[in-house]
Amino acid sequence: MNIEPSTLPWNEAYKLMIGSILPRPIAFVSTMNEAGQANLAPFSFFTAISAEPMLVCFSPMLRGTDGARKDTLNNIEATREFVINIVGEKIVKQMNDCAIEYPPDVDEFDAVGLTRQSSQIVKPPRVAESDVHLECVLHDVLHFGDKPGGGSLVIGQVVNIYIKDELYFDGKIDTVKLQPIGRMAGQVYTRSIADTFVLERKKQPTK
């Protein structure tokens, strides 16, 4: 069948999008507001852009109930700094608990029992229980729509990468030890290394 998204309510089109673009990595984003209060929230619209400069992006959608902006987005636009904490299986419950729409004056670190760790360069704290952190400064932000279903694209330049020593070897990260989690559709998540295989990229044949 063919379906034109413009013919569907946004939340029905959304189900088709998240049901086809998967698995999705999770950006567990820590920020601070101008008063210095921390915020922590997960986003599964997250990917890399380039290595030189090192740019990553994630997309906070407007709240589905009333079209309000996320505290994460407000904090980033105000302070221009954030940290992406990579989600391993050991913190997946706390990550999910941070998806609750807490009031702006609630610090999710305290609410879900995660530990603040000072970042190397930026002001927002890292999640100590996460094994890999990407400290970012805001490169650009683009806004799309102003109603429920709309969202923004936050592009950050990575200025520091923190990796726990036991995961780092030969210039790479041990993904088996990282145990990254991916988001599927609805309430379903996946263990990214549960069933992997190697597929070597072929080279152009020489004449």
# chains A, B, ... in the order shown; residues from 1 in each chain; ligands from 1
>>> residues_around(residues="segment 151-166 of chain A", least_positions_apart="5", cutoff="7 Å", atoms="only C-alpha atoms", output="list in words")
Met54, Leu55, Val56, Cys57, Phe58, Ser59, Pro60, Met61, Leu62, Ile121, Asp131, Val132, His133, Leu134, Glu135, Cys136, Val137, Leu138, His139, Asp140, Val141, Leu142, His143, Phe144 and Gly145 of chain A
>>> select_by_dssp(residues="segment 90-161 of chain A", states="helix (DSSP H, G or I)", output="VMD selection string")
chain A and resid 90 to 97 108 to 112
>>> write_last_selection(atoms="N, CA, C and O atoms", output="tab-separated table (two decimals), in the first residue's frame")
chain	number	residue	atom	x	y	z
A	90	LYS	N	22.59	-1.28	31.86
A	90	LYS	CA	22.55	-1.15	33.32
A	90	LYS	C	21.79	0.10	33.79
A	90	LYS	O	21.40	0.18	34.96
A	91	ILE	N	21.57	1.08	32.91
A	91	ILE	CA	20.82	2.28	33.32
A	91	ILE	C	19.53	2.45	32.53
A	91	ILE	O	18.94	3.53	32.52
A	92	VAL	N	19.06	1.38	31.91
A	92	VAL	CA	17.89	1.51	31.04
A	92	VAL	C	16.63	1.85	31.85
A	92	VAL	O	15.76	2.60	31.38
A	93	LYS	N	16.52	1.34	33.07
A	93	LYS	CA	15.33	1.65	33.87
A	93	LYS	C	15.31	3.13	34.24
A	93	LYS	O	14.26	3.80	34.12
A	94	GLN	N	16.44	3.66	34.70
A	94	GLN	CA	16.50	5.07	35.06
A	94	GLN	C	16.27	5.96	33.85
A	94	GLN	O	15.63	7.01	33.94
A	95	MET	N	16.81	5.54	32.70
A	95	MET	CA	16.58	6.30	31.47
A	95	MET	C	15.09	6.38	31.16
A	95	MET	O	14.56	7.46	30.86
A	96	ASN	N	14.40	5.26	31.28
A	96	ASN	CA	12.97	5.24	31.01
A	96	ASN	C	12.20	6.10	32.00
A	96	ASN	O	11.25	6.79	31.65
A	97	ASP	N	12.64	6.09	33.26
A	97	ASP	CA	11.96	6.91	34.28
A	97	ASP	C	12.13	8.40	33.99
A	97	ASP	O	11.27	9.22	34.35
A	108	GLU	N	15.96	15.55	37.42
A	108	GLU	CA	15.79	14.13	37.15
A	108	GLU	C	16.90	13.27	37.75
A	108	GLU	O	16.68	12.08	38.04
A	109	PHE	N	18.10	13.81	37.90
A	109	PHE	CA	19.16	13.05	38.56
A	109	PHE	C	18.69	12.57	39.93
A	109	PHE	O	18.85	11.39	40.29
A	110	ASP	N	18.10	13.48	40.70
A	110	ASP	CA	17.61	13.14	42.03
A	110	ASP	C	16.37	12.26	41.95
A	110	ASP	O	16.21	11.32	42.74
A	111	ALA	N	15.50	12.55	41.00
A	111	ALA	CA	14.22	11.84	40.92
A	111	ALA	C	14.39	10.36	40.62
A	111	ALA	O	13.62	9.52	41.11
A	112	VAL	N	15.41	10.01	39.81
A	112	VAL	CA	15.57	8.60	39.41
A	112	VAL	C	16.78	7.94	40.03
A	112	VAL	O	17.04	6.75	39.80
>>> residues_around(residues="segment 27-37 of chain A", least_positions_apart="6", cutoff="8 Å", atoms="only C-alpha atoms", output="number ranges by chain")
A: 43-46, 58, 72, 74-76, 78-79, 81-87, 95, 105, 107, 123-127
>>> residues_around(residues="segment 7-11 of chain A", least_positions_apart="5", cutoff="12 Å", atoms="only C-alpha atoms", output="list in words")
Asn2, Leu16, Met17, Ile18, Met61, Leu62, Arg63, Gly64, Thr65, Gly145, Lys147, Pro148, Gly149, Gly150 and Gly151 of chain A
>>> select_by_dssp(residues="segment 11-161 of chain A", states="strand (DSSP E or B)", output="PyMOL selection string")
chain A and resi 24-25+27-32+38-43+46-51+54-58+61+81-86+88+116-117+126-127+132-144+151-161
>>> residues_around(residues="Ser20 of chain A", least_positions_apart="4", cutoff="9 Å", atoms="only C-alpha atoms", output="MDAnalysis selection string")
chainID A and resid 15:16 184:185
>>> residues_around(residues="segment 194-201 of chain A", least_positions_apart="5", cutoff="10 Å", atoms="only C-alpha atoms", output="list in words")
Val176, Gln179, Pro180 and Ile181 of chain A
>>> write_last_selection(atoms="N, CA, C and O atoms", output="CSV table (one decimal), in the first residue's frame")
chain,number,residue,atom,x,y,z
A,176,VAL,N,30.7,-4.8,23.3
A,176,VAL,CA,30.2,-5.9,24.2
A,176,VAL,C,30.1,-5.4,25.6
A,176,VAL,O,29.1,-5.7,26.3
A,179,GLN,N,27.3,-2.6,26.1
A,179,GLN,CA,25.9,-3.2,26.1
A,179,GLN,C,24.8,-2.1,25.7
A,179,GLN,O,23.9,-1.8,26.5
A,180,PRO,N,25.0,-1.5,24.5
A,180,PRO,CA,24.1,-0.4,24.2
A,180,PRO,C,22.6,-0.9,24.0
A,180,PRO,O,22.4,-2.0,23.5
A,181,ILE,N,21.7,0.0,24.2
A,181,ILE,CA,20.3,-0.3,24.1
A,181,ILE,C,19.7,0.5,23.0
A,181,ILE,O,20.0,1.7,22.8
>>> atom_distance(atom1="atom CA of Val106 of chain A", atom2="atom CA of Ala38 of chain A")
8.5 Å
>>> atom_distance(atom1="atom CA of Tyr14 of chain A", atom2="atom CA of Gly67 of chain A")
14.8 Å
